[in-house]
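Colleague: See input30.cif below, with mmCIF, N, CA and C atoms and all ligand atoms.
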```cif
data_coords
#
loop_
_atom_site.label_atom_id
_atom_site.label_comp_id
_atom_site.auth_asym_id
_atom_site.auth_seq_id
_atom_site.Cartn_x
_atom_site.Cartn_y
_atom_site.Cartn_z
N MET A 123 1.60 -6.02 14.07
CA MET A 123 2.49 -6.29 12.94
C MET A 123 2.50 -7.78 12.63
N GLY A 124 2.46 -8.08 11.34
CA GLY A 124 2.40 -9.47 10.92
C GLY A 124 3.77 -10.13 10.90
N ASP A 125 3.83 -11.30 10.29
CA ASP A 125 5.08 -12.06 10.18
C ASP A 125 5.84 -11.64 8.92
N ARG A 126 7.17 -11.85 8.97
CA ARG A 126 8.05 -11.61 7.82
C ARG A 126 7.92 -10.20 7.27
N VAL A 127 7.72 -9.22 8.16
CA VAL A 127 7.62 -7.82 7.76
C VAL A 127 9.02 -7.21 7.77
N THR A 128 9.35 -6.43 6.71
CA THR A 128 10.62 -5.71 6.64
C THR A 128 10.35 -4.23 6.85
N VAL A 129 11.06 -3.63 7.81
CA VAL A 129 10.97 -2.18 8.03
C VAL A 129 12.38 -1.63 7.99
N LYS A 130 12.66 -0.78 6.99
CA LYS A 130 14.00 -0.21 6.84
C LYS A 130 14.19 0.98 7.79
N CYS A 131 15.35 1.60 7.69
CA CYS A 131 15.74 2.66 8.63
C CYS A 131 14.85 3.89 8.53
N GLY A 132 14.71 4.59 9.63
CA GLY A 132 14.09 5.90 9.62
C GLY A 132 12.59 5.88 9.54
N VAL A 133 11.97 4.80 9.95
CA VAL A 133 10.51 4.69 9.89
C VAL A 133 9.95 4.67 11.31
N SER A 134 8.96 5.51 11.57
CA SER A 134 8.28 5.51 12.86
C SER A 134 6.94 4.82 12.71
N LEU A 135 6.67 3.88 13.61
CA LEU A 135 5.42 3.11 13.56
C LEU A 135 4.52 3.59 14.70
N TYR A 136 3.41 4.22 14.35
CA TYR A 136 2.54 4.86 15.33
C TYR A 136 1.37 3.98 15.70
N ASP A 137 0.68 4.40 16.78
CA ASP A 137 -0.60 3.79 17.13
C ASP A 137 -1.54 3.92 15.93
N GLY A 138 -2.32 2.88 15.71
CA GLY A 138 -3.30 2.94 14.63
C GLY A 138 -2.79 2.36 13.32
N LEU A 139 -1.53 1.94 13.30
CA LEU A 139 -0.95 1.39 12.08
C LEU A 139 -0.96 -0.14 12.15
N VAL A 140 -1.49 -0.77 11.10
CA VAL A 140 -1.52 -2.23 11.02
C VAL A 140 -0.70 -2.66 9.82
N LEU A 141 0.33 -3.47 10.05
CA LEU A 141 1.14 -4.03 8.97
C LEU A 141 0.88 -5.53 8.94
N GLU A 142 0.29 -6.01 7.85
CA GLU A 142 -0.01 -7.44 7.74
C GLU A 142 1.25 -8.22 7.33
N ASP A 143 1.10 -9.53 7.12
CA ASP A 143 2.23 -10.40 6.81
C ASP A 143 2.95 -9.95 5.52
N ASP A 144 4.26 -10.15 5.48
CA ASP A 144 5.07 -10.01 4.27
C ASP A 144 5.08 -8.59 3.69
N VAL A 145 4.84 -7.61 4.54
CA VAL A 145 4.87 -6.21 4.09
C VAL A 145 6.32 -5.73 4.07
N PHE A 146 6.65 -4.89 3.06
CA PHE A 146 7.96 -4.25 2.97
C PHE A 146 7.77 -2.74 3.11
N ILE A 147 8.47 -2.15 4.09
CA ILE A 147 8.43 -0.70 4.29
C ILE A 147 9.84 -0.18 4.05
N GLY A 148 10.02 0.60 2.99
CA GLY A 148 11.33 1.13 2.64
C GLY A 148 11.80 2.19 3.61
N PRO A 149 13.06 2.65 3.42
CA PRO A 149 13.62 3.64 4.33
C PRO A 149 12.86 4.96 4.29
N ASP A 150 12.73 5.57 5.46
CA ASP A 150 12.18 6.92 5.60
C ASP A 150 10.74 7.04 5.12
N VAL A 151 9.98 5.96 5.15
CA VAL A 151 8.54 6.04 4.89
C VAL A 151 7.88 6.73 6.08
N SER A 152 6.93 7.63 5.79
CA SER A 152 6.20 8.34 6.85
C SER A 152 4.74 7.96 6.84
N PHE A 153 4.26 7.52 8.00
CA PHE A 153 2.82 7.30 8.19
C PHE A 153 2.31 8.44 9.05
N SER A 154 1.47 9.31 8.49
CA SER A 154 0.90 10.36 9.34
C SER A 154 -0.35 9.78 9.98
N ASN A 155 -0.64 10.20 11.20
CA ASN A 155 -1.77 9.58 11.91
C ASN A 155 -2.72 10.59 12.54
N ASP A 156 -2.54 11.86 12.25
CA ASP A 156 -3.46 12.87 12.78
C ASP A 156 -3.97 13.70 11.60
N PRO A 157 -5.24 13.52 11.22
CA PRO A 157 -5.74 14.20 10.03
C PRO A 157 -5.81 15.72 10.19
N ARG A 158 -5.88 16.21 11.42
CA ARG A 158 -5.96 17.66 11.65
C ARG A 158 -4.99 18.06 12.75
N PRO A 159 -3.69 18.02 12.44
CA PRO A 159 -2.71 18.26 13.49
C PRO A 159 -2.71 19.71 13.97
N ARG A 160 -2.64 19.88 15.29
CA ARG A 160 -2.43 21.17 15.93
C ARG A 160 -1.46 20.95 17.07
N SER A 161 -0.64 21.95 17.30
CA SER A 161 0.33 21.85 18.38
C SER A 161 -0.35 21.59 19.71
N ARG A 162 0.16 20.65 20.45
CA ARG A 162 -0.28 20.32 21.81
C ARG A 162 -1.71 19.83 21.89
N GLN A 163 -2.24 19.33 20.78
CA GLN A 163 -3.57 18.71 20.83
C GLN A 163 -3.46 17.31 20.25
N LYS A 164 -3.96 16.34 21.00
CA LYS A 164 -3.97 14.96 20.50
C LYS A 164 -5.38 14.60 20.07
N PRO A 165 -5.50 13.85 18.96
CA PRO A 165 -6.85 13.40 18.59
C PRO A 165 -7.38 12.42 19.61
N GLU A 166 -8.71 12.32 19.72
CA GLU A 166 -9.32 11.38 20.67
C GLU A 166 -9.00 9.95 20.27
N ALA A 167 -8.94 9.70 18.99
CA ALA A 167 -8.57 8.37 18.51
C ALA A 167 -7.78 8.53 17.22
N TYR A 168 -6.87 7.61 16.98
CA TYR A 168 -6.10 7.66 15.74
C TYR A 168 -6.78 6.79 14.70
N PRO A 169 -6.93 7.31 13.47
CA PRO A 169 -7.51 6.47 12.43
C PRO A 169 -6.60 5.29 12.10
N THR A 170 -7.19 4.19 11.70
CA THR A 170 -6.41 3.00 11.38
C THR A 170 -5.86 3.10 9.96
N THR A 171 -4.56 2.97 9.84
CA THR A 171 -3.91 2.84 8.54
C THR A 171 -3.49 1.39 8.41
N ARG A 172 -3.88 0.75 7.30
CA ARG A 172 -3.64 -0.68 7.16
C ARG A 172 -2.82 -0.94 5.89
N VAL A 173 -1.73 -1.67 6.04
CA VAL A 173 -0.96 -2.12 4.88
C VAL A 173 -1.20 -3.61 4.77
N ARG A 174 -1.90 -4.02 3.71
CA ARG A 174 -2.35 -5.40 3.60
C ARG A 174 -1.21 -6.31 3.14
N ALA A 175 -1.44 -7.59 3.30
CA ALA A 175 -0.40 -8.60 3.14
C ALA A 175 0.33 -8.47 1.81
N GLY A 176 1.64 -8.53 1.87
CA GLY A 176 2.46 -8.59 0.66
C GLY A 176 2.74 -7.25 0.01
N ALA A 177 2.19 -6.16 0.53
CA ALA A 177 2.37 -4.85 -0.10
C ALA A 177 3.77 -4.32 0.18
N SER A 178 4.28 -3.48 -0.76
CA SER A 178 5.60 -2.87 -0.61
C SER A 178 5.49 -1.37 -0.78
N LEU A 179 6.18 -0.63 0.09
CA LEU A 179 6.25 0.83 0.01
C LEU A 179 7.70 1.21 -0.19
N GLY A 180 7.99 1.93 -1.29
CA GLY A 180 9.36 2.33 -1.60
C GLY A 180 9.85 3.43 -0.67
N ALA A 181 11.12 3.79 -0.86
CA ALA A 181 11.76 4.77 0.01
C ALA A 181 11.00 6.10 -0.01
N GLY A 182 10.83 6.66 1.18
CA GLY A 182 10.33 8.02 1.28
C GLY A 182 8.86 8.20 0.99
N VAL A 183 8.10 7.13 0.94
CA VAL A 183 6.65 7.25 0.71
C VAL A 183 6.00 7.94 1.91
N ILE A 184 5.00 8.78 1.64
CA ILE A 184 4.20 9.40 2.70
C ILE A 184 2.77 8.89 2.56
N VAL A 185 2.20 8.40 3.66
CA VAL A 185 0.84 7.87 3.65
C VAL A 185 -0.02 8.72 4.59
N LEU A 186 -1.10 9.32 4.06
CA LEU A 186 -1.99 10.10 4.91
C LEU A 186 -2.79 9.17 5.82
N PRO A 187 -3.37 9.73 6.89
CA PRO A 187 -4.02 8.89 7.91
C PRO A 187 -5.24 8.15 7.39
N GLY A 188 -5.46 6.94 7.91
CA GLY A 188 -6.72 6.24 7.74
C GLY A 188 -6.88 5.52 6.42
N LEU A 189 -5.81 5.32 5.67
CA LEU A 189 -5.91 4.68 4.37
C LEU A 189 -5.54 3.21 4.43
N THR A 190 -5.91 2.48 3.38
CA THR A 190 -5.56 1.07 3.25
C THR A 190 -4.74 0.88 1.98
N ILE A 191 -3.59 0.26 2.12
CA ILE A 191 -2.77 -0.13 0.98
C ILE A 191 -3.12 -1.59 0.70
N GLY A 192 -3.60 -1.87 -0.51
CA GLY A 192 -4.15 -3.19 -0.82
C GLY A 192 -3.10 -4.30 -0.86
N ARG A 193 -3.61 -5.52 -0.91
CA ARG A 193 -2.77 -6.71 -0.93
C ARG A 193 -1.79 -6.66 -2.09
N CYS A 194 -0.52 -6.92 -1.81
CA CYS A 194 0.54 -7.04 -2.82
C CYS A 194 0.71 -5.77 -3.67
N ALA A 195 0.15 -4.66 -3.22
CA ALA A 195 0.32 -3.41 -3.97
C ALA A 195 1.78 -2.98 -3.92
N MET A 196 2.16 -2.16 -4.92
CA MET A 196 3.52 -1.64 -5.02
C MET A 196 3.42 -0.12 -5.07
N VAL A 197 4.02 0.55 -4.07
CA VAL A 197 3.97 2.01 -4.00
C VAL A 197 5.36 2.53 -4.30
N GLY A 198 5.49 3.30 -5.40
CA GLY A 198 6.79 3.77 -5.86
C GLY A 198 7.43 4.75 -4.90
N ALA A 199 8.75 4.80 -4.93
CA ALA A 199 9.52 5.67 -4.03
C ALA A 199 9.04 7.11 -4.15
N GLY A 200 8.91 7.75 -3.01
CA GLY A 200 8.56 9.16 -2.97
C GLY A 200 7.10 9.47 -3.19
N ALA A 201 6.26 8.46 -3.32
CA ALA A 201 4.84 8.70 -3.57
C ALA A 201 4.17 9.35 -2.37
N LEU A 202 3.17 10.19 -2.66
CA LEU A 202 2.32 10.76 -1.62
C LEU A 202 0.97 10.08 -1.74
N VAL A 203 0.66 9.19 -0.80
CA VAL A 203 -0.56 8.37 -0.89
C VAL A 203 -1.70 9.10 -0.20
N THR A 204 -2.69 9.55 -0.99
CA THR A 204 -3.82 10.32 -0.45
C THR A 204 -5.13 9.56 -0.54
N ARG A 205 -5.13 8.38 -1.17
CA ARG A 205 -6.34 7.56 -1.31
C ARG A 205 -5.97 6.11 -1.07
N ASN A 206 -6.98 5.28 -0.87
CA ASN A 206 -6.73 3.85 -0.73
C ASN A 206 -6.08 3.32 -2.01
N VAL A 207 -5.21 2.34 -1.85
CA VAL A 207 -4.53 1.71 -2.98
C VAL A 207 -5.17 0.34 -3.19
N PRO A 208 -5.59 0.01 -4.43
CA PRO A 208 -6.26 -1.29 -4.66
C PRO A 208 -5.29 -2.47 -4.55
N ASP A 209 -5.84 -3.65 -4.34
CA ASP A 209 -5.04 -4.87 -4.33
C ASP A 209 -4.26 -4.95 -5.64
N PHE A 210 -3.00 -5.31 -5.55
CA PHE A 210 -2.10 -5.50 -6.69
C PHE A 210 -1.86 -4.21 -7.48
N GLY A 211 -2.29 -3.06 -6.93
CA GLY A 211 -2.10 -1.78 -7.63
C GLY A 211 -0.64 -1.35 -7.64
N LEU A 212 -0.25 -0.75 -8.78
CA LEU A 212 1.06 -0.09 -8.89
C LEU A 212 0.78 1.40 -8.87
N VAL A 213 1.20 2.09 -7.82
CA VAL A 213 0.92 3.52 -7.71
C VAL A 213 2.22 4.26 -7.49
N TYR A 214 2.29 5.47 -8.03
CA TYR A 214 3.41 6.36 -7.72
C TYR A 214 2.99 7.77 -8.08
N GLY A 215 3.84 8.73 -7.68
CA GLY A 215 3.59 10.14 -7.96
C GLY A 215 3.02 10.86 -6.76
N SER A 216 2.80 12.16 -6.95
CA SER A 216 2.31 13.02 -5.89
C SER A 216 1.22 13.93 -6.44
N PRO A 217 -0.05 13.63 -6.17
CA PRO A 217 -0.53 12.50 -5.37
C PRO A 217 -0.39 11.19 -6.14
N ALA A 218 -0.30 10.09 -5.41
CA ALA A 218 -0.13 8.77 -6.02
C ALA A 218 -1.36 8.39 -6.83
N ARG A 219 -1.12 7.88 -8.03
CA ARG A 219 -2.20 7.42 -8.90
C ARG A 219 -1.88 5.98 -9.33
N VAL A 220 -2.94 5.26 -9.72
CA VAL A 220 -2.75 3.90 -10.20
C VAL A 220 -2.20 3.96 -11.62
N HIS A 221 -1.05 3.35 -11.84
CA HIS A 221 -0.43 3.31 -13.17
C HIS A 221 -0.45 1.91 -13.77
N GLY A 222 -0.93 0.94 -13.03
CA GLY A 222 -0.97 -0.42 -13.51
C GLY A 222 -1.13 -1.36 -12.33
N HIS A 223 -0.79 -2.63 -12.59
CA HIS A 223 -0.90 -3.65 -11.54
C HIS A 223 0.34 -4.52 -11.55
N VAL A 224 0.62 -5.09 -10.41
CA VAL A 224 1.79 -5.96 -10.28
C VAL A 224 1.36 -7.32 -9.73
N CYS A 225 2.18 -8.30 -10.06
CA CYS A 225 2.00 -9.66 -9.56
C CYS A 225 2.45 -9.73 -8.11
N ARG A 226 2.12 -10.84 -7.48
CA ARG A 226 2.62 -11.15 -6.14
C ARG A 226 4.15 -11.09 -6.12
N CYS A 227 4.79 -11.47 -7.24
CA CYS A 227 6.25 -11.50 -7.32
C CYS A 227 6.84 -10.12 -7.60
N GLY A 228 5.99 -9.13 -7.94
CA GLY A 228 6.46 -7.76 -8.15
C GLY A 228 6.54 -7.34 -9.60
N ARG A 229 6.43 -8.31 -10.53
CA ARG A 229 6.50 -7.93 -11.95
C ARG A 229 5.20 -7.23 -12.38
N THR A 230 5.33 -6.35 -13.38
CA THR A 230 4.18 -5.63 -13.91
C THR A 230 3.30 -6.59 -14.72
N LEU A 231 1.98 -6.43 -14.56
CA LEU A 231 1.02 -7.28 -15.28
C LEU A 231 0.50 -6.56 -16.50
N ARG A 232 0.33 -7.29 -17.60
CA ARG A 232 -0.29 -6.73 -18.80
C ARG A 232 -1.57 -7.51 -19.07
N PHE A 233 -2.69 -6.78 -19.04
CA PHE A 233 -4.00 -7.43 -19.19
C PHE A 233 -4.46 -7.40 -20.64
N GLU A 234 -5.01 -8.52 -21.07
CA GLU A 234 -5.69 -8.60 -22.36
C GLU A 234 -7.01 -9.29 -22.12
N ASP A 235 -8.10 -8.64 -22.55
CA ASP A 235 -9.44 -9.20 -22.36
C ASP A 235 -9.67 -9.60 -20.90
N GLY A 236 -9.19 -8.75 -19.98
CA GLY A 236 -9.47 -8.97 -18.56
C GLY A 236 -8.66 -10.06 -17.90
N ALA A 237 -7.61 -10.56 -18.59
CA ALA A 237 -6.80 -11.61 -17.99
C ALA A 237 -5.31 -11.29 -18.20
N ALA A 238 -4.52 -11.72 -17.24
CA ALA A 238 -3.07 -11.55 -17.36
C ALA A 238 -2.39 -12.77 -16.77
N ALA A 239 -1.24 -13.12 -17.35
CA ALA A 239 -0.44 -14.21 -16.82
C ALA A 239 0.97 -13.68 -16.61
N CYS A 240 1.48 -13.85 -15.41
CA CYS A 240 2.84 -13.41 -15.10
C CYS A 240 3.83 -14.50 -15.51
N SER A 241 5.06 -14.09 -15.78
CA SER A 241 6.08 -15.08 -16.15
C SER A 241 6.42 -16.02 -15.00
N CYS A 242 6.00 -15.67 -13.77
CA CYS A 242 6.23 -16.58 -12.63
C CYS A 242 5.18 -17.68 -12.59
N GLY A 243 4.14 -17.58 -13.45
CA GLY A 243 3.12 -18.62 -13.49
C GLY A 243 1.79 -18.22 -12.89
N GLN A 244 1.76 -17.12 -12.13
CA GLN A 244 0.51 -16.69 -11.50
C GLN A 244 -0.41 -16.04 -12.54
N ARG A 245 -1.70 -16.36 -12.44
CA ARG A 245 -2.67 -15.78 -13.37
C ARG A 245 -3.60 -14.82 -12.64
N PHE A 246 -4.08 -13.80 -13.36
CA PHE A 246 -4.92 -12.76 -12.77
C PHE A 246 -6.11 -12.48 -13.66
N ARG A 247 -7.16 -11.97 -13.02
CA ARG A 247 -8.34 -11.49 -13.75
C ARG A 247 -8.62 -10.06 -13.31
N GLN A 248 -9.16 -9.27 -14.24
CA GLN A 248 -9.57 -7.92 -13.92
C GLN A 248 -11.06 -7.82 -14.09
N GLY A 249 -11.76 -7.36 -13.05
CA GLY A 249 -13.21 -7.24 -13.09
C GLY A 249 -13.66 -6.02 -13.86
N ALA A 250 -14.96 -5.91 -14.07
CA ALA A 250 -15.52 -4.79 -14.84
C ALA A 250 -15.22 -3.46 -14.16
N GLY A 251 -15.12 -3.46 -12.84
CA GLY A 251 -14.83 -2.22 -12.13
C GLY A 251 -13.34 -1.93 -12.04
N GLY A 252 -12.51 -2.75 -12.70
CA GLY A 252 -11.07 -2.52 -12.69
C GLY A 252 -10.33 -3.25 -11.60
N GLU A 253 -11.09 -3.90 -10.69
CA GLU A 253 -10.43 -4.59 -9.58
C GLU A 253 -9.69 -5.84 -10.09
N VAL A 254 -8.55 -6.10 -9.50
CA VAL A 254 -7.70 -7.20 -9.95
C VAL A 254 -7.60 -8.25 -8.83
N GLY A 255 -7.73 -9.49 -9.24
CA GLY A 255 -7.56 -10.59 -8.28
C GLY A 255 -6.88 -11.76 -8.94
N GLU A 256 -6.38 -12.65 -8.10
CA GLU A 256 -5.71 -13.84 -8.64
C GLU A 256 -6.76 -14.81 -9.16
N ALA A 257 -6.48 -15.37 -10.33
CA ALA A 257 -7.37 -16.37 -10.92
C ALA A 257 -7.05 -17.73 -10.32
N ALA A 258 -8.08 -18.56 -10.21
CA ALA A 258 -7.87 -19.88 -9.59
C ALA A 258 -7.05 -20.76 -10.49
ZN ZN B 301 4.63 -13.07 -10.94
#
```
As structure tokens - that is how I would like this structure written.

Modeller:
Amino acid sequence: MGDRVTVKCGVSLYDGLVLEDDVFIGPDVSFSNDPRPRSRQKPEAYPTTRVRAGASLGAGVIVLPGLTIGRCAMVGAGALVTRNVPDFGLVYGSPARVHGHVCRCGRTLRFEDGAAACSCGQRFRQGAGGEVGEAA
């Protein structure tokens, strides 16, 4: 677990889970860690689930095993995360889908011609493949 991580009530942190710096885990978030659960059988190894720096998971999110939540991503309350979440991605729903992107500060980004500027001053670029990163 990294520095400045917030973990609210009702969250179990299992083997195989990596929480990087500045991650927020809301109440009652569930990280599942056995892709094929059976009673009284343990997997030989647990897949690594990684929550990258600055990402936030709202209340009651469920994350399937072995996924990566990207840097500064925002996962809406109650989402069922079945795929990797991109950096700065805003995802929600069941299954969770990308509905947009958020700034490091949490505000929603609006892209024009592959660029966005947040009211906090941070600038972003969106690549041809849809990936979002901070502009220098
Ligand atoms: Zn911002």

Colleague: Could you tell me how far atom CA of A:Val224 sits from atom CA of A:Gly236, in Å to one decimal place?

Modeller: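 Answer for the atom CA of A:Gly236 to atom CA of A:Val224 separation: 14.3 Å.
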
Colleague: Which residues are close to A:Gly222, i.e. within 9 Å by only C-alpha atoms, leaving aside same-chain residues fewer than 6 positions away? Reply as a list in words.

Modeller: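 Result of the neighbour search: Phe210, Gly211, Leu212, Val213, Thr230, Leu231 and Arg232 of chain A.
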
Colleague: Would you give me, as a tab-separated table, each residue of chain A having an atom within 8 Å of an atom of ligand ZN 301 (chain B), along with its shortest atom pair and that distance in Å to one decimal, using only C-alpha atoms and all ligand atoms and sorting by chain and residue number?

Modeller:
```
residue	atom	partner	partner_atom	distance
A:Val224	CA	B:ZN301	ZN	7.7
A:Cys225	CA	B:ZN301	ZN	4.5
A:Arg226	CA	B:ZN301	ZN	5.5
A:Cys227	CA	B:ZN301	ZN	4.3
A:Gly228	CA	B:ZN301	ZN	6.3
A:Arg229	CA	B:ZN301	ZN	5.6
A:Ala239	CA	B:ZN301	ZN	7.8
A:Cys240	CA	B:ZN301	ZN	4.5
A:Ser241	CA	B:ZN301	ZN	5.8
A:Cys242	CA	B:ZN301	ZN	4.2
A:Gly243	CA	B:ZN301	ZN	6.3
A:Gln244	CA	B:ZN301	ZN	5.5
```

Colleague: Find the residues near stretch 178-186 of chain A: any atom within 7 Å, counting only C-alpha atoms, skip ones fewer than 2 places away on the same chain, and give them as a ChimeraX atom specification.

Modeller: /A:145-154,176,188-189,194-204

Colleague: Show which residues sit within 6.5 Å of stretch 136-143 of chain A, as a list in words. Count all atoms listed in the file, and ignore same-chain residues fewer than 3 positions away.

Modeller: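 Non-adjacent residues within range: Met123, Gly124, Asp125, Arg126, Val127, Tyr168, Pro169, Thr170, Thr171, Arg172, Val173, Arg174, Ala175, Gly176 and Ala177 of chain A.
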
Colleague: Using Å and a single decimal, report how far atom C of A:Gly132 sits from atom C of A:Pro208.

Modeller: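 Straight-line distance from atom C of A:Pro208 to atom C of A:Gly132 works out to 24.2 Å.
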
Colleague: Need the axis-aligned box for stretch 188-205 of chain A with 4 Å each side, so what are the centre and edges in Å to one decimal, as AutoDock Vina command-line options?

Modeller:
```
--center_x 1.3 --center_y 1.9 --center_z 1.0 --size_x 24.4 --size_y 25.8 --size_z 21.8
```

Colleague: Just give me the gap between atom N of A:Pro165 and atom C of A:Asp144 in Å, one decimal is fine.

Modeller: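 Straight-line distance from atom N of A:Pro165 to atom C of A:Asp144 works out to 29.1 Å.
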
Colleague: Any chance you could list, as number ranges by chain, the residues in stretch 217-246 of chain A that come up strand (DSSP E) when DSSP is run on the backbone?

Modeller: A: 219-223, 237-239, 245-246

Colleague: From the list A:Asp156, A:Glu234, A:Asp209, A:Glu253, which residue is nearest A:Pro187 when using only N, CA and C atoms?

Modeller: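 Nearest to A:Pro187: A:Asp156.
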
Colleague: Nearest to A:Ser134 among A:Asn155, A:Gln163, A:Pro217, A:Gly255, with distances taken over only C-alpha atoms: which residue is it?

Modeller: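 Looking only at the distances to A:Ser134, the closest residue turns out to be A:Asn155.
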